[in-house]
file run_6.cif (mmCIF, C-alpha atoms, pLDDT in the B column; chains and numbers go by the auth columns)
data_input
#
loop_
_atom_site.group_PDB
_atom_site.id
_atom_site.type_symbol
_atom_site.label_atom_id
_atom_site.label_comp_id
_atom_site.label_asym_id
_atom_site.label_seq_id
_atom_site.Cartn_x
_atom_site.Cartn_y
_atom_site.Cartn_z
_atom_site.B_iso_or_equiv
_atom_site.auth_seq_id
_atom_site.auth_asym_id
ATOM 1 C CA MET A 1 -75.776 13.820 -2.332 56.00 934 A
ATOM 2 C CA ALA A 2 -77.750 17.037 -2.657 65.00 935 A
ATOM 3 C CA LEU A 3 -76.509 20.164 -0.961 67.00 936 A
ATOM 4 C CA PRO A 4 -78.924 22.197 1.161 69.00 937 A
ATOM 5 C CA ASN A 5 -80.617 25.059 -0.615 80.00 938 A
ATOM 6 C CA PRO A 6 -79.031 28.520 -0.287 81.00 939 A
ATOM 7 C CA ILE A 7 -81.696 29.765 2.112 86.00 940 A
ATOM 8 C CA GLU A 8 -80.996 26.877 4.482 84.00 941 A
ATOM 9 C CA LEU A 9 -77.253 27.556 4.258 82.00 942 A
ATOM 10 C CA ILE A 10 -77.805 31.207 5.161 88.00 943 A
ATOM 11 C CA LYS A 11 -79.969 30.179 8.124 87.00 944 A
ATOM 12 C CA MET A 12 -77.249 27.776 9.284 86.00 945 A
ATOM 13 C CA GLN A 13 -74.592 30.485 8.964 88.00 946 A
ATOM 14 C CA ASN A 14 -76.707 32.960 10.929 89.00 947 A
ATOM 15 C CA GLU A 15 -77.288 30.424 13.687 88.00 948 A
ATOM 16 C CA ALA A 16 -73.556 29.655 13.818 87.00 949 A
ATOM 17 C CA LYS A 17 -72.784 33.391 14.148 88.00 950 A
ATOM 18 C CA LYS A 18 -75.318 33.751 16.957 89.00 951 A
ATOM 19 C CA MET A 19 -73.812 30.769 18.752 86.00 952 A
ATOM 20 C CA GLN A 20 -70.289 32.205 18.419 85.00 953 A
ATOM 21 C CA LYS A 21 -71.499 35.519 19.850 87.00 954 A
ATOM 22 C CA ARG A 22 -73.110 33.762 22.821 86.00 955 A
ATOM 23 C CA LEU A 23 -69.920 31.772 23.400 82.00 956 A
ATOM 24 C CA ARG A 24 -67.790 34.918 23.358 86.00 957 A
ATOM 25 C CA GLU A 25 -70.084 36.554 25.922 87.00 958 A
ATOM 26 C CA LYS A 26 -69.634 33.682 28.382 86.00 959 A
ATOM 27 C CA LYS A 27 -66.602 34.163 30.658 86.00 960 A
ATOM 28 C CA VAL A 28 -64.736 31.361 32.432 86.00 961 A
ATOM 29 C CA LYS A 29 -61.960 31.507 35.021 89.00 962 A
ATOM 30 C CA GLY A 30 -59.351 28.785 35.517 88.00 963 A
ATOM 31 C CA GLU A 31 -57.266 28.876 38.661 87.00 964 A
ATOM 32 C CA SER A 32 -54.122 27.200 39.942 87.00 965 A
ATOM 33 C CA LYS A 33 -54.485 25.058 43.055 87.00 966 A
ATOM 34 C CA ASN A 34 -52.910 27.741 45.229 87.00 967 A
ATOM 35 C CA GLY A 35 -55.004 30.520 43.624 86.00 968 A
ATOM 36 C CA LEU A 36 -51.953 32.569 42.674 85.00 969 A
ATOM 37 C CA VAL A 37 -52.455 32.190 38.902 86.00 970 A
ATOM 38 C CA ARG A 38 -55.779 32.714 37.145 88.00 971 A
ATOM 39 C CA ILE A 39 -56.570 32.602 33.429 85.00 972 A
ATOM 40 C CA TYR A 40 -59.748 34.067 31.976 88.00 973 A
ATOM 41 C CA MET A 41 -61.229 32.751 28.732 84.00 974 A
ATOM 42 C CA ASN A 42 -64.495 33.155 26.902 85.00 975 A
ATOM 43 C CA GLY A 43 -66.785 30.317 25.873 82.00 976 A
ATOM 44 C CA ALA A 44 -65.180 30.217 22.415 82.00 977 A
ATOM 45 C CA GLN A 45 -61.943 29.205 24.173 81.00 978 A
ATOM 46 C CA GLU A 46 -60.309 32.523 23.383 83.00 979 A
ATOM 47 C CA PHE A 47 -57.848 33.956 25.882 82.00 980 A
ATOM 48 C CA GLU A 48 -59.143 37.043 27.698 86.00 981 A
ATOM 49 C CA ASP A 49 -56.711 37.811 30.549 86.00 982 A
ATOM 50 C CA ILE A 50 -54.345 36.381 33.131 84.00 983 A
ATOM 51 C CA HIS A 51 -53.700 37.247 36.747 85.00 984 A
ATOM 52 C CA ILE A 52 -50.381 36.329 38.346 83.00 985 A
ATOM 53 C CA ASP A 53 -50.104 37.125 42.037 84.00 986 A
ATOM 54 C CA GLU A 54 -47.300 39.558 42.758 80.00 987 A
ATOM 55 C CA GLU A 55 -45.970 37.040 45.267 81.00 988 A
ATOM 56 C CA LEU A 56 -44.737 34.990 42.292 80.00 989 A
ATOM 57 C CA LEU A 57 -42.958 37.763 40.390 82.00 990 A
ATOM 58 C CA SER A 58 -41.683 41.285 40.435 81.00 991 A
ATOM 59 C CA PRO A 59 -44.426 43.837 39.642 76.00 992 A
ATOM 60 C CA GLU A 60 -42.509 45.489 36.796 81.00 993 A
ATOM 61 C CA MET A 61 -42.546 42.193 34.854 81.00 994 A
ATOM 62 C CA LEU A 62 -46.321 41.691 35.069 78.00 995 A
ATOM 63 C CA ASP A 63 -47.283 43.407 31.784 81.00 996 A
ATOM 64 C CA ASP A 64 -44.563 41.574 29.829 82.00 997 A
ATOM 65 C CA ILE A 65 -45.662 38.235 31.261 81.00 998 A
ATOM 66 C CA ARG A 66 -49.330 38.919 30.436 78.00 999 A
ATOM 67 C CA LYS A 67 -48.390 39.860 26.875 83.00 1000 A
ATOM 68 C CA GLY A 68 -46.237 36.740 26.538 81.00 1001 A
ATOM 69 C CA PHE A 69 -49.041 34.485 27.793 78.00 1002 A
ATOM 70 C CA LYS A 70 -51.515 36.033 25.347 80.00 1003 A
ATOM 71 C CA GLU A 71 -49.116 35.630 22.412 83.00 1004 A
ATOM 72 C CA ALA A 72 -48.255 32.051 23.336 80.00 1005 A
ATOM 73 C CA PHE A 73 -51.901 31.136 23.807 77.00 1006 A
ATOM 74 C CA LYS A 74 -52.906 32.599 20.422 80.00 1007 A
ATOM 75 C CA ASP A 75 -50.020 30.750 18.768 82.00 1008 A
ATOM 76 C CA CYS A 76 -51.134 27.510 20.398 72.00 1009 A
ATOM 77 C CA GLN A 77 -54.716 28.054 19.207 77.00 1010 A
ATOM 78 C CA LYS A 78 -53.576 28.654 15.614 79.00 1011 A
ATOM 79 C CA ARG A 79 -51.411 25.538 15.599 77.00 1012 A
ATOM 80 C CA LEU A 80 -54.206 23.443 17.093 69.00 1013 A
ATOM 81 C CA GLN A 81 -56.706 24.726 14.522 76.00 1014 A
ATOM 82 C CA LYS A 82 -54.312 23.854 11.676 77.00 1015 A
ATOM 83 C CA GLU A 83 -53.890 20.336 13.041 72.00 1016 A
ATOM 84 C CA MET A 84 -57.633 19.894 13.442 69.00 1017 A
ATOM 85 C CA VAL A 85 -58.257 20.995 9.843 72.00 1018 A
ATOM 86 C CA GLN A 86 -55.624 18.561 8.573 72.00 1019 A
ATOM 87 C CA ASP A 87 -57.193 15.730 10.562 66.00 1020 A
ATOM 88 C CA MET A 88 -60.719 16.564 9.437 65.00 1021 A
ATOM 89 C CA ASP A 89 -62.242 14.054 7.068 65.00 1022 A
ATOM 90 C CA LEU A 90 -64.051 15.522 4.042 61.00 1023 A
ATOM 91 C CA ASP A 91 -66.701 12.809 4.338 62.00 1024 A
ATOM 92 C CA GLN A 92 -67.438 14.026 7.875 60.00 1025 A
ATOM 93 C CA LEU A 93 -67.971 17.534 6.521 58.00 1026 A
ATOM 94 C CA LYS A 94 -70.283 16.254 3.804 62.00 1027 A
ATOM 95 C CA ASN A 95 -72.314 14.337 6.391 64.00 1028 A
ATOM 96 C CA MET A 96 -72.824 17.541 8.373 60.00 1029 A
ATOM 97 C CA PHE A 97 -74.910 18.884 5.477 62.00 1030 A
ATOM 98 C CA LYS A 98 -77.175 15.871 5.081 59.00 1031 A
#

call {"tool": "encode", "arguments": {"input": "run_6.cif", "output": "C-alpha cells"}}
result
Amino acid sequence: MALPNPIELIKMQNEAKKMQKRLREKKVKGESKNGLVRIYMNGAQEFEDIHIDEELLSPEMLDDIRKGFKEAFKDCQKRLQKEMVQDMDLDQLKNMFK
C-alpha cells in the first residue's frame, strides 16, 4: 500500500485544521427538561459553560459547581479519547489513507 505524497498529506492536515476551527466556532446548548440546567458546548464537543438556576443551589456555590463540571467533563473526554484510541484498528487507519 502506497502512502499519499507529502503534499497531499499537508493538504489533508490543513483541511482537518480548518474543520476543527469551524467546529469550535459552532455553539450548542443542551438543556434539562425543566430548563433549570443548561450546558454549552462547541461543535468539537468541548465544554464551554454551564448554567445552573439559582433555584437549585445556593449562589455562593455556583462558581465551585461550574469549575467542578468543567473538570469532570474534561476528565471524561480524556478517558473516552484513550478508550477510542485503544479500540481503533490500525487497518482502519491505513484504509483512511487509500

call {"tool": "closest_residue", "arguments": {"input": "run_6.cif", "among": "A:Glu948, A:Phe980, A:Glu958, A:Asn967", "to": "Ala1005 (chain A)", "atoms": "only C-alpha atoms"}}
result
A:Phe980

call {"tool": "resolve_selection", "arguments": {"input": "run_6.cif", "expression": "the PyMOL selection byres ((chain A and resi 963) around 7)", "output": "PyMOL selection string"}}
result
chain A and resi 961-962+964+971-973

call {"tool": "atom_distance", "arguments": {"input": "run_6.cif", "atom1": "CA of Glu1004 (chain A)", "atom2": "CA of Glu981 (chain A)"}}
result
11.4 Å

call {"tool": "residues_around", "arguments": {"input": "run_6.cif", "residues": "region 949-954 of chain A", "least_positions_apart": "5", "cutoff": "10 Å", "atoms": "all atoms listed in the file", "output": "VMD selection string"}}
result
chain A and resid 943 to 944 959 976 to 977

call {"tool": "axis_aligned_box", "arguments": {"input": "run_6.cif", "around": "region 978-994 of chain A", "padding_each_side": "3 Å", "output": "JSON"}}
result
{"center_x": -51.8, "center_y": 37.3, "center_z": 34.3, "size_x": 26.3, "size_y": 22.3, "size_z": 27.9}

call {"tool": "atom_distance", "arguments": {"input": "run_6.cif", "atom1": "CA of Ser991 (chain A)", "atom2": "CA of Leu969 (chain A)"}}
result
13.7 Å

call {"tool": "atom_distance", "arguments": {"input": "run_6.cif", "atom1": "CA of Gln978 (chain A)", "atom2": "CA of Cys1009 (chain A)"}}
result
11.6 Å

call {"tool": "closest_residue", "arguments": {"input": "run_6.cif", "among": "A:Phe1002, A:Val970, A:Gln1014, A:Asp1008", "to": "Leu990 (chain A)", "atoms": "all atoms listed in the file"}}
result
A:Val970

call {"tool": "residues_around", "arguments": {"input": "run_6.cif", "residues": "Lys1000 (chain A)", "least_positions_apart": "6", "cutoff": "10 Å", "atoms": "only C-alpha atoms", "output": "ChimeraX atom specification"}}
result
/A:982-983,1006

call {"tool": "closest_residue", "arguments": {"input": "run_6.cif", "among": "A:His984, A:Arg955, A:Arg1012, A:Lys1003", "to": "Gly968 (chain A)", "atoms": "all atoms listed in the file"}}
result
A:His984

call {"tool": "closest_residue", "arguments": {"input": "run_6.cif", "among": "A:Gln1010, A:Gln946, A:Gln1019, A:Ser965", "to": "Glu979 (chain A)", "atoms": "only C-alpha atoms"}}
result
A:Gln1010

call {"tool": "closest_residue", "arguments": {"input": "run_6.cif", "among": "A:Asp996, A:Ile940, A:Val1018, A:Arg957", "to": "Met974 (chain A)", "atoms": "all atoms listed in the file"}}
result
A:Arg957

call {"tool": "build_atoms", "arguments": {"input": "run_6.cif", "residues": "region 979-1012 of chain A", "atoms": "N, CA and C atoms", "output": "compact mmCIF listing (two decimals), keeping the file's coordinate frame"}}
result
# COMPACT_ATOMS: atom_id res chain seq x y z
N GLU A 979 -61.24 31.47 23.72
CA GLU A 979 -60.31 32.52 23.38
C GLU A 979 -59.78 33.14 24.68
N PHE A 980 -58.50 33.38 24.71
CA PHE A 980 -57.85 33.96 25.88
C PHE A 980 -58.34 35.37 26.12
N GLU A 981 -58.70 35.70 27.35
CA GLU A 981 -59.14 37.04 27.70
C GLU A 981 -58.10 37.77 28.54
N ASP A 982 -57.65 37.15 29.65
CA ASP A 982 -56.71 37.81 30.55
C ASP A 982 -56.06 36.78 31.46
N ILE A 983 -55.03 37.23 32.16
CA ILE A 983 -54.34 36.38 33.13
C ILE A 983 -54.03 37.22 34.36
N HIS A 984 -54.11 36.59 35.51
CA HIS A 984 -53.70 37.25 36.75
C HIS A 984 -52.62 36.39 37.37
N ILE A 985 -51.48 37.01 37.66
CA ILE A 985 -50.38 36.33 38.35
C ILE A 985 -50.14 37.11 39.63
N ASP A 986 -50.28 36.45 40.76
CA ASP A 986 -50.10 37.12 42.04
C ASP A 986 -48.69 37.69 42.13
N GLU A 987 -48.59 38.89 42.65
CA GLU A 987 -47.30 39.56 42.76
C GLU A 987 -46.32 38.77 43.61
N GLU A 988 -46.82 37.89 44.44
CA GLU A 988 -45.97 37.04 45.27
C GLU A 988 -45.05 36.18 44.39
N LEU A 989 -45.49 35.87 43.18
CA LEU A 989 -44.74 34.99 42.29
C LEU A 989 -43.73 35.72 41.41
N LEU A 990 -43.83 37.04 41.31
CA LEU A 990 -42.96 37.76 40.39
C LEU A 990 -42.77 39.21 40.82
N SER A 991 -41.87 39.86 40.15
CA SER A 991 -41.68 41.28 40.44
C SER A 991 -42.73 42.08 39.66
N PRO A 992 -43.33 43.09 40.26
CA PRO A 992 -44.43 43.84 39.64
C PRO A 992 -44.08 44.45 38.29
N GLU A 993 -42.86 44.87 38.07
CA GLU A 993 -42.51 45.49 36.80
C GLU A 993 -42.51 44.50 35.63
N MET A 994 -42.52 43.21 35.91
CA MET A 994 -42.55 42.19 34.85
C MET A 994 -43.96 41.78 34.47
N LEU A 995 -44.96 42.18 35.24
CA LEU A 995 -46.32 41.69 35.07
C LEU A 995 -46.87 41.92 33.66
N ASP A 996 -46.75 43.13 33.11
CA ASP A 996 -47.28 43.41 31.78
C ASP A 996 -46.60 42.56 30.70
N ASP A 997 -45.28 42.40 30.81
CA ASP A 997 -44.56 41.57 29.83
C ASP A 997 -45.00 40.11 29.90
N ILE A 998 -45.23 39.63 31.10
CA ILE A 998 -45.66 38.24 31.26
C ILE A 998 -47.07 38.05 30.71
N ARG A 999 -47.97 39.00 30.99
CA ARG A 999 -49.33 38.92 30.44
C ARG A 999 -49.29 38.90 28.91
N LYS A 1000 -48.50 39.79 28.34
CA LYS A 1000 -48.39 39.86 26.88
C LYS A 1000 -47.83 38.54 26.32
N GLY A 1001 -46.82 38.01 26.98
CA GLY A 1001 -46.24 36.74 26.54
C GLY A 1001 -47.23 35.59 26.61
N PHE A 1002 -48.02 35.53 27.68
CA PHE A 1002 -49.04 34.48 27.79
C PHE A 1002 -50.07 34.60 26.68
N LYS A 1003 -50.53 35.82 26.40
CA LYS A 1003 -51.52 36.03 25.35
C LYS A 1003 -50.96 35.59 24.00
N GLU A 1004 -49.73 35.99 23.70
CA GLU A 1004 -49.12 35.63 22.41
C GLU A 1004 -48.94 34.12 22.29
N ALA A 1005 -48.47 33.50 23.36
CA ALA A 1005 -48.26 32.05 23.34
C ALA A 1005 -49.58 31.31 23.20
N PHE A 1006 -50.60 31.79 23.88
CA PHE A 1006 -51.90 31.14 23.81
C PHE A 1006 -52.48 31.24 22.40
N LYS A 1007 -52.40 32.42 21.79
CA LYS A 1007 -52.91 32.60 20.42
C LYS A 1007 -52.14 31.70 19.45
N ASP A 1008 -50.83 31.61 19.63
CA ASP A 1008 -50.02 30.75 18.77
C ASP A 1008 -50.45 29.29 18.91
N CYS A 1009 -50.69 28.88 20.14
CA CYS A 1009 -51.13 27.51 20.40
C CYS A 1009 -52.49 27.25 19.74
N GLN A 1010 -53.40 28.21 19.84
CA GLN A 1010 -54.72 28.05 19.21
C GLN A 1010 -54.58 27.89 17.70
N LYS A 1011 -53.76 28.72 17.07
CA LYS A 1011 -53.58 28.65 15.61
C LYS A 1011 -53.02 27.30 15.20
N ARG A 1012 -52.01 26.84 15.93
CA ARG A 1012 -51.41 25.54 15.60
C ARG A 1012 -52.41 24.40 15.77
